[in-house]
Structure formats: C-alpha cells, structure tokens
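A.B. asks: Handing over model_8.csv, CSV, C-alpha atoms and all ligand atoms.
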```csv
chain,number,residue,atom,x,y,z
R,1,MET,CA,23.6,86.8,187.8
R,2,SER,CA,22.4,88.0,184.5
R,3,GLU,CA,18.8,88.0,183.2
R,4,PRO,CA,17.9,85.0,181.1
R,5,LYS,CA,18.3,85.5,177.3
R,6,ILE,CA,15.1,84.1,175.8
R,7,THR,CA,14.9,83.3,172.1
R,8,VAL,CA,11.6,82.2,170.6
R,9,LEU,CA,11.6,80.5,167.2
R,10,ASP,CA,8.7,79.5,165.0
R,11,ASP,CA,8.9,75.8,165.4
R,12,ALA,CA,10.8,72.9,167.0
R,13,GLN,CA,13.0,72.3,164.0
R,14,SER,CA,14.1,76.0,164.0
R,15,VAL,CA,15.0,75.6,167.7
R,16,TYR,CA,17.1,72.5,167.0
R,17,VAL,CA,19.0,74.3,164.2
R,18,HIS,CA,19.5,77.4,166.3
R,19,ALA,CA,20.7,75.3,169.2
R,20,ALA,CA,23.2,73.5,167.0
R,21,GLU,CA,24.4,76.9,165.6
R,22,GLU,CA,24.8,78.2,169.2
R,23,ILE,CA,26.7,75.1,170.3
R,24,ALA,CA,29.0,75.4,167.3
R,25,HIS,CA,29.5,79.1,168.0
R,26,PHE,CA,30.3,78.5,171.7
R,27,ALA,CA,32.7,75.7,170.8
R,28,GLY,CA,34.5,78.0,168.4
R,29,GLU,CA,34.7,80.8,171.0
R,30,ASP,CA,36.1,78.6,173.7
R,31,ILE,CA,38.5,76.6,171.5
R,32,CYS,CA,39.9,80.0,170.3
R,33,THR,CA,40.2,81.5,173.7
R,34,HIS,CA,41.2,78.5,175.8
R,35,ALA,CA,42.0,75.7,173.5
R,36,GLU,CA,39.1,73.5,174.5
R,37,PHE,CA,35.3,73.3,174.8
R,38,THR,CA,33.7,71.5,177.7
R,39,ILE,CA,30.0,70.6,177.2
R,40,ALA,CA,27.7,68.7,179.6
R,41,LEU,CA,25.0,67.0,177.4
R,42,SER,CA,21.4,66.7,178.5
R,43,GLY,CA,19.3,63.6,178.1
R,44,GLY,CA,15.7,63.0,177.3
R,45,SER,CA,14.3,63.2,173.7
R,46,THR,CA,14.5,67.0,172.9
R,47,PRO,CA,18.3,67.2,172.4
R,48,ALA,CA,18.5,64.2,170.0
R,49,ALA,CA,17.6,66.3,167.0
R,50,VAL,CA,20.3,68.8,168.0
R,51,TYR,CA,22.9,66.2,168.4
R,52,GLU,CA,22.0,64.7,164.9
R,53,LEU,CA,22.4,68.2,163.4
R,54,LEU,CA,25.8,68.6,165.0
R,55,ALA,CA,26.9,65.2,163.6
R,56,THR,CA,25.8,66.1,160.1
R,57,ARG,CA,25.0,69.7,159.0
R,58,PHE,CA,27.4,71.2,161.6
R,59,LYS,CA,30.0,68.5,161.6
R,60,LEU,CA,32.6,70.6,159.8
R,61,SER,CA,31.8,73.7,162.0
R,62,VAL,CA,33.5,72.4,165.1
R,63,ASP,CA,37.0,71.3,165.8
R,64,TRP,CA,35.7,68.1,167.6
R,65,LYS,CA,39.1,66.9,168.7
R,66,GLU,CA,39.2,69.9,171.1
R,67,VAL,CA,35.8,69.1,172.7
R,68,GLN,CA,35.4,67.3,176.0
R,69,PHE,CA,32.0,65.6,176.4
R,70,PHE,CA,30.2,65.2,179.8
R,71,TRP,CA,26.7,64.6,181.0
R,72,GLY,CA,24.5,66.6,183.4
R,73,ASP,CA,22.7,63.5,184.5
R,74,GLU,CA,22.3,59.8,183.7
R,75,ARG,CA,19.9,57.0,184.3
R,76,CYS,CA,21.3,54.1,186.4
R,77,VAL,CA,21.2,51.7,183.5
R,78,PRO,CA,24.0,50.1,181.4
R,79,PRO,CA,25.5,52.3,178.6
R,80,ASP,CA,23.8,50.3,175.9
R,81,HIS,CA,20.3,50.5,177.5
R,82,GLU,CA,17.6,52.2,175.5
R,83,LEU,CA,17.0,54.7,178.4
R,84,SER,CA,20.7,55.6,178.7
R,85,ASN,CA,21.5,59.3,178.0
R,86,TYR,CA,24.9,58.2,177.0
R,87,ALA,CA,23.4,55.7,174.5
R,88,MET,CA,21.3,58.4,172.9
R,89,ALA,CA,24.2,60.8,172.6
R,90,ASN,CA,26.5,58.1,171.3
R,91,ARG,CA,23.9,57.0,168.7
R,92,THR,CA,23.1,60.5,167.5
R,93,LEU,CA,26.4,62.3,167.8
R,94,LEU,CA,29.5,60.8,169.4
R,95,SER,CA,29.8,57.7,167.2
R,96,HIS,CA,29.9,60.0,164.1
R,97,LEU,CA,32.9,62.1,165.3
R,98,ALA,CA,36.0,59.8,165.5
R,99,LEU,CA,36.7,61.0,169.0
R,100,ARG,CA,39.6,59.8,171.2
R,101,PRO,CA,38.1,57.8,174.1
R,102,GLU,CA,39.5,60.3,176.7
R,103,GLN,CA,37.3,63.0,175.2
R,104,VAL,CA,34.1,61.2,176.4
R,105,HIS,CA,33.5,61.3,180.2
R,106,ARG,CA,30.5,59.0,180.6
R,107,MET,CA,28.5,58.8,183.8
R,108,ARG,CA,28.8,55.1,184.7
R,109,GLY,CA,25.1,54.2,185.1
R,110,GLU,CA,25.9,50.6,185.4
R,111,LEU,CA,27.4,51.2,188.9
R,112,ALA,CA,25.4,51.5,192.1
R,113,PRO,CA,24.0,55.1,192.2
R,114,GLU,CA,26.2,56.4,195.0
R,115,ASP,CA,29.3,54.7,193.5
R,116,ALA,CA,28.5,56.2,190.1
R,117,ALA,CA,28.0,59.7,191.7
R,118,ARG,CA,31.3,59.5,193.6
R,119,ALA,CA,33.2,58.1,190.6
R,120,TYR,CA,31.9,61.1,188.5
R,121,GLU,CA,32.9,63.6,191.1
R,122,GLU,CA,36.4,62.1,191.0
R,123,GLU,CA,36.4,62.3,187.2
R,124,LEU,CA,35.4,66.0,187.4
R,125,LYS,CA,38.1,66.7,190.0
R,126,GLY,CA,40.7,65.1,187.8
R,127,VAL,CA,39.7,66.6,184.5
R,128,PHE,CA,39.2,70.1,185.9
R,129,SER,CA,42.1,69.9,188.4
R,130,LEU,CA,39.7,70.9,191.2
R,131,GLY,CA,40.7,71.5,194.8
R,132,ASP,CA,38.4,70.7,197.8
R,133,GLY,CA,35.2,72.7,197.5
R,134,GLU,CA,35.9,73.9,193.9
R,135,PHE,CA,33.4,73.4,191.1
R,136,PRO,CA,34.1,72.9,187.4
R,137,ARG,CA,33.3,75.8,185.0
R,138,PHE,CA,31.7,74.1,182.0
R,139,GLY,CA,31.7,76.0,178.7
R,140,LEU,CA,28.1,74.9,178.3
R,141,VAL,CA,25.6,72.9,180.4
R,142,LEU,CA,22.8,71.9,178.1
R,143,LEU,CA,19.5,71.5,179.8
R,144,GLY,CA,16.0,70.1,179.1
R,145,LEU,CA,12.8,70.9,181.0
R,146,GLY,CA,10.4,68.3,182.2
R,147,GLY,CA,6.7,68.9,182.2
R,148,ASN,CA,6.9,68.7,186.0
R,149,ARG,CA,9.4,71.5,185.9
R,150,HIS,CA,12.4,69.3,186.6
R,151,THR,CA,15.8,69.8,184.9
R,152,LEU,CA,18.9,67.5,185.0
R,153,SER,CA,17.5,64.9,187.4
R,154,LEU,CA,16.4,67.5,190.0
R,155,PHE,CA,12.8,66.7,190.5
R,156,PRO,CA,10.1,68.6,192.4
R,157,GLY,CA,10.3,68.0,196.2
R,158,ASP,CA,13.8,66.5,196.2
R,159,LYS,CA,15.0,68.9,198.9
R,160,ALA,CA,18.3,67.0,199.4
R,161,ALA,CA,19.4,67.3,195.7
R,162,ILE,CA,17.9,70.8,195.0
R,163,GLU,CA,19.5,72.3,198.2
R,164,GLU,CA,22.8,70.4,197.9
R,165,CYS,CA,25.6,72.9,198.1
R,166,GLU,CA,28.8,70.9,198.6
R,167,ARG,CA,28.6,67.9,196.3
R,168,MET,CA,28.9,68.0,192.5
R,169,VAL,CA,27.0,64.8,191.6
R,170,VAL,CA,24.3,63.1,193.7
R,171,PRO,CA,22.3,59.9,193.4
R,172,VAL,CA,18.5,60.5,193.2
R,173,ASP,CA,15.3,58.5,193.2
R,174,VAL,CA,12.8,60.2,191.0
R,175,ASP,CA,9.2,59.8,190.0
R,176,ALA,CA,10.0,58.7,186.4
R,177,THR,CA,11.3,55.6,184.7
R,178,PRO,CA,13.9,54.6,185.6
R,179,ARG,CA,13.7,55.9,189.2
R,180,LYS,CA,17.4,55.7,190.0
R,181,ARG,CA,19.6,58.4,188.4
R,182,ILE,CA,22.6,60.5,189.1
R,183,SER,CA,22.6,64.2,188.5
R,184,PHE,CA,24.7,67.3,188.7
R,185,THR,CA,23.8,69.4,191.6
R,186,PRO,CA,22.7,73.0,191.0
R,187,SER,CA,26.1,74.3,191.9
R,188,VAL,CA,27.8,72.7,188.9
R,189,ALA,CA,25.3,74.2,186.4
R,190,ASN,CA,25.5,77.6,188.3
R,191,HIS,CA,29.3,77.7,187.9
R,192,ALA,CA,29.0,77.2,184.1
R,193,GLN,CA,29.9,79.9,181.6
R,194,ARG,CA,26.6,79.1,179.8
R,195,ALA,CA,23.5,77.2,180.8
R,196,MET,CA,21.2,76.6,177.9
R,197,PHE,CA,17.6,75.3,178.2
R,198,ILE,CA,15.9,73.9,175.1
R,199,ALA,CA,12.2,73.3,175.3
R,200,THR,CA,9.6,72.8,172.5
R,201,GLY,CA,5.9,72.0,172.2
R,202,LYS,CA,2.7,73.1,173.9
R,203,GLU,CA,3.1,70.4,176.5
R,204,LYS,CA,6.0,72.4,177.9
R,205,ALA,CA,4.3,75.8,177.9
R,206,GLU,CA,3.0,75.7,181.5
R,207,ALA,CA,6.4,74.5,182.8
R,208,VAL,CA,8.2,77.2,180.8
R,209,ARG,CA,5.8,79.9,182.2
R,210,ASP,CA,6.2,78.7,185.8
R,211,VAL,CA,10.0,78.4,185.7
R,212,ILE,CA,10.6,81.7,183.9
R,213,GLU,CA,7.7,83.9,185.2
R,214,GLY,CA,6.2,82.0,188.1
R,215,PRO,CA,6.8,82.7,191.8
R,216,ARG,CA,10.3,81.7,193.0
R,217,ASP,CA,9.8,78.2,194.4
R,218,PRO,CA,12.7,75.8,193.3
R,219,MET,CA,11.2,73.0,195.4
R,220,LYS,CA,8.1,73.1,193.2
R,221,PHE,CA,9.9,74.4,190.0
R,222,PRO,CA,13.4,72.9,190.2
R,223,ALA,CA,14.6,74.4,186.9
R,224,GLN,CA,14.4,77.8,188.7
R,225,ILE,CA,17.5,76.8,190.7
R,226,ILE,CA,19.6,77.1,187.5
R,227,GLN,CA,21.0,80.7,187.7
R,228,PRO,CA,24.7,80.9,186.6
R,229,SER,CA,26.4,83.2,189.1
R,230,ASP,CA,28.9,84.3,186.5
R,231,GLY,CA,27.6,83.0,183.3
R,232,GLU,CA,24.8,83.2,180.7
R,233,LEU,CA,21.3,81.7,181.2
R,234,ILE,CA,19.8,81.0,177.8
R,235,TRP,CA,16.4,79.7,176.8
R,236,LEU,CA,15.7,78.4,173.3
R,237,LEU,CA,11.9,77.9,172.8
R,238,ASP,CA,9.5,77.4,170.0
R,239,LYS,CA,6.3,79.5,169.9
R,240,ASP,CA,4.3,76.7,171.4
R,241,ALA,CA,6.5,76.3,174.4
R,242,ALA,CA,6.7,80.1,174.8
R,243,SER,CA,2.9,80.6,174.2
R,244,LEU,CA,2.1,81.3,177.9
R,245,LEU,CA,4.9,83.8,178.5
R,246,SER,CA,3.8,87.3,179.0
R,247,GLY,CA,7.1,88.7,177.6
R,248,ARG,CA,7.3,86.2,174.8
R,249,GLY,CA,11.1,86.7,174.6
R,250,SER,CA,13.1,87.8,171.5
R,251,THR,CA,12.6,86.1,168.1
R,301,LIG,C1,16.8,63.2,181.4
R,301,LIG,C2,17.1,64.6,181.2
R,301,LIG,C3,15.9,65.4,181.7
R,301,LIG,C4,15.3,66.0,180.4
R,301,LIG,C5,13.9,66.4,180.7
R,301,LIG,C6,13.2,66.8,179.4
R,301,LIG,O1,17.7,62.4,181.8
R,301,LIG,O2,15.6,62.8,181.1
R,301,LIG,O3,18.3,65.0,181.6
R,301,LIG,O4,16.3,66.5,182.5
R,301,LIG,O5,16.0,67.0,179.9
R,301,LIG,O6,13.2,65.3,181.3
R,301,LIG,O7,13.1,65.7,178.6
R,301,LIG,P1,12.5,65.8,177.1
R,301,LIG,O8,13.4,66.6,176.4
R,301,LIG,O9,12.5,64.4,176.6
R,301,LIG,O10,11.1,66.4,177.2
```
Do you think you could lay out the structure here as structure tokens?
Ligand code: 6PG
C.D. replies:
Amino acid sequence: MSEPKITVLDDAQSVYVHAAEEIAHFAGEDICTHAEFTIALSGGSTPAAVYELLATRFKLSVDWKEVQFFWGDERCVPPDHELSNYAMANRTLLSHLALRPEQVHRMRGELAPEDAARAYEEELKGVFSLGDGEFPRFGLVLLGLGGNRHTLSLFPGDKAAIEECERMVVPVDVDATPRKRISFTPSVANHAQRAMFIATGKEKAEAVRDVIEGPRDPMKFPAQIIQPSDGELIWLLDKDAASLLSGRGST
C-alpha cells in the first residue's frame, strides 16, 4: 500500500487538463503493455469536464478501440435520465468516440437495485474471467469526493457497503437524490492498478483534509477506505480543494 501521490494545481481547469493527460498516459501505458486499458468512470459533475477534454483535445492521444469502459457506481435510473452517470459520460465522451458496443459496460440502472448489482458482478466476472472470490484489476478507477466524504456510492454510516469484503457490486440507499444506487465495493477499487481522486473547489477542502489527513474513520470518511493494496493512489486537487491540507501536496 503506497502513500498517496497528491498533485495540487492552480485551478479547476488545470486539474481537468492534468487529469485528461494522466488518463491518456495510463491508457497508452496499459495498451502498450497488455493491449487494453480498463477504466471505471466516476459520476457526479466534476469529471464531465475531463471527459469533454478526452473527447476533444486528447481524442487523438488514445487508441480508443482498445479501451473498455466501466462505471464505479450508478444511480438506479434509466440510461437516458438526467441523473444517470452513464448518460453524462455518453454525452461528454462515449458518443464522440465511435466505440464498438461491447466496449461499453453500462451498469443497468433501470433494473431493480439488487438485480442491477448482480448483473454487473456477472459482467465483471465475464469480462475479467474471474474465478470465485477474485476481483478485477482495473487499469484505473476514477473517483470523485462528495462534500460528506463519500466516494463511489459509499456514504457515511453505510456499514454494510463500506465493510463488504466478498461482493464486487452492491445496492445502496443513500442520503442523496436519487437514493437508490449501485456501487463498487471497496475491494474492487483496492485491487486496481490506479485509483485517482479528482476534487476541486473550496467546498471540498474540509472533505479533502479529513480524508487525507484526518483520523482514520472510514465509517465517517468513506473515501479513506480506498487504499489500493498493489496500486497507486492519486489525488488531483486544485489549490482551493487542497487549501486545508498541512502538506499541500506537490504542484
Ligand atoms: C456519483 C459519483 C459520486 C461523485 C461525488 C462527487 O454518482 O455522484 O460517483 O461519488 O463522485 O458525489 O460528485 P461531484 O464531482 O459532482 O462533486
């Protein structure tokens, strides 16, 4: 378990550009070494700008036909719903890339939560050829940080989801809209080659400080549970989001 690599950039736009650069770099590395790049996209609003950069300025920097797209969590809504993480990624990135349908592994938010979770576990088992008790090793799990210190859809106090050790994907009922979601369990992110948080803005500063420098309490600060056992933990922050860190990270 390596120490987090914290990069602090002047402003949000610089973070988005750096994140897109890093993703393109990771994709190139993995496609070169094992012929494909597997990425689990995050939802929310922060990554949208990164996805738009990947679809435009960095479009020619990645051999997109060798990329497999997944999601770390999804809201239990149809794929064309305004709150769907798939819909946001499709609008900002996927629809611009001429992908083969089999490259996009959508969490089926339209199903009942438990059915959607089980279906995605079967999808992961098939794509990664997993045996019982095995976890996928993603090239990159992209992560956001909620102001309440959640990540994926692992929310404070959700003991069942935060402490889940066997399952890969679980249904959750969270204190946000919409309540019903499905989420990777910590084990999936912690088996990744790289887990990368992106957080910007003053409103995230307290959450960033608590998760990175606060007392270890994943029940209160769920994002702390993300600690890849044999992979890199990366934080990309702007100065506002990093403003309460004592170490301030590298710039
Ligand atoms: C989701 C995300 C969630 C997100 C955080 C931060 O489905 O909402 O997966 O974990 O990353 O809530 O969201 P923002 O980037 O919009 O602040």
A.B. asks: Sort by chain and increasing residue number a table of all residues of chain R within 6 Å of ligand LIG 301 (chain R), each with its closest pair of atoms and their distance in Å to one decimal, counting all atoms listed in the file, and write it as CSV.
C.D. replies:
```
residue,atom,partner,partner_atom,distance
R:Ser42,CA,R:LIG301,O3,4.7
R:Gly43,CA,R:LIG301,O3,3.9
R:Gly44,CA,R:LIG301,O9,3.6
R:Ser45,CA,R:LIG301,O9,3.6
R:Thr46,CA,R:LIG301,O8,3.7
R:Asp73,CA,R:LIG301,O3,5.5
R:Glu74,CA,R:LIG301,O1,5.6
R:Leu143,CA,R:LIG301,O5,5.7
R:Gly144,CA,R:LIG301,O5,3.2
R:Leu145,CA,R:LIG301,C6,4.4
R:Gly146,CA,R:LIG301,O6,4.2
R:Thr151,CA,R:LIG301,O4,4.1
R:Leu152,CA,R:LIG301,O4,3.7
R:Ser153,CA,R:LIG301,O4,5.3
```
A.B. asks: Report as a PyMOL selection string all protein, DNA and RNA residues lying within 10 Å of Lys65 (chain R), evaluated on only C-alpha atoms, omitting residues in the same chain fewer than 5 positions from it.
C.D. replies: chain R and resi 36-37+97-100+103
A.B. asks: Which residue gives the smallest distance to Phe26 (chain R) among R:Pro222, R:Pro228, R:Gly139, R:Gly214, with all atoms listed in the file counted?
C.D. replies: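 Among R:Pro222, R:Pro228, R:Gly139, R:Gly214, it is R:Gly139 that comes nearest to Phe26 (chain R).
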A.B. asks: Considering all atoms listed in the file, state which residue in the set R:Leu142, R:Leu94, R:Val15, R:Cys165 is at the smallest distance from Thr185 (chain R).
C.D. replies: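 Selected residue with least distance to Thr185 (chain R): R:Cys165.
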A.B. asks: Find the spatial neighbours of Asn148 (chain R), counting all atoms listed in the file, within a cut-off of 12 Å - ignore same-chain residues fewer than 3 positions away - and output them as a list in words.
C.D. replies: Gly144, Leu145, Thr151, Ser153, Leu154, Phe155, Pro156, Gly157, Val174, Asp175, Ala176, Glu203, Lys204, Ala205, Glu206, Ala207, Val208, Arg209, Asp210, Val211, Pro218, Met219, Lys220, Phe221, Pro222 and Ala223 of chain R
A.B. asks: Pull the neighbourhood of (2.8, 79.3, 168.7) for me: all residues within 12 Å in file coordinates, counting all atoms listed in the file, as a list in words.
C.D. replies: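 Applying the cut-off with all atoms listed in the file, one gets Val8, Leu9, Asp10, Asp11, Ala12, Thr200, Gly201, Lys202, Glu203, Lys204, Ala205, Leu237, Asp238, Lys239, Asp240, Ala241, Ala242, Ser243, Leu244, Leu245, Arg248 and Thr251 of chain R.
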A.B. asks: Find the distance between CA of Arg118 (chain R) and CA of Pro178 (chain R) and write it in Å to one decimal.
C.D. replies: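 Those two atoms sit 19.8 Å apart.
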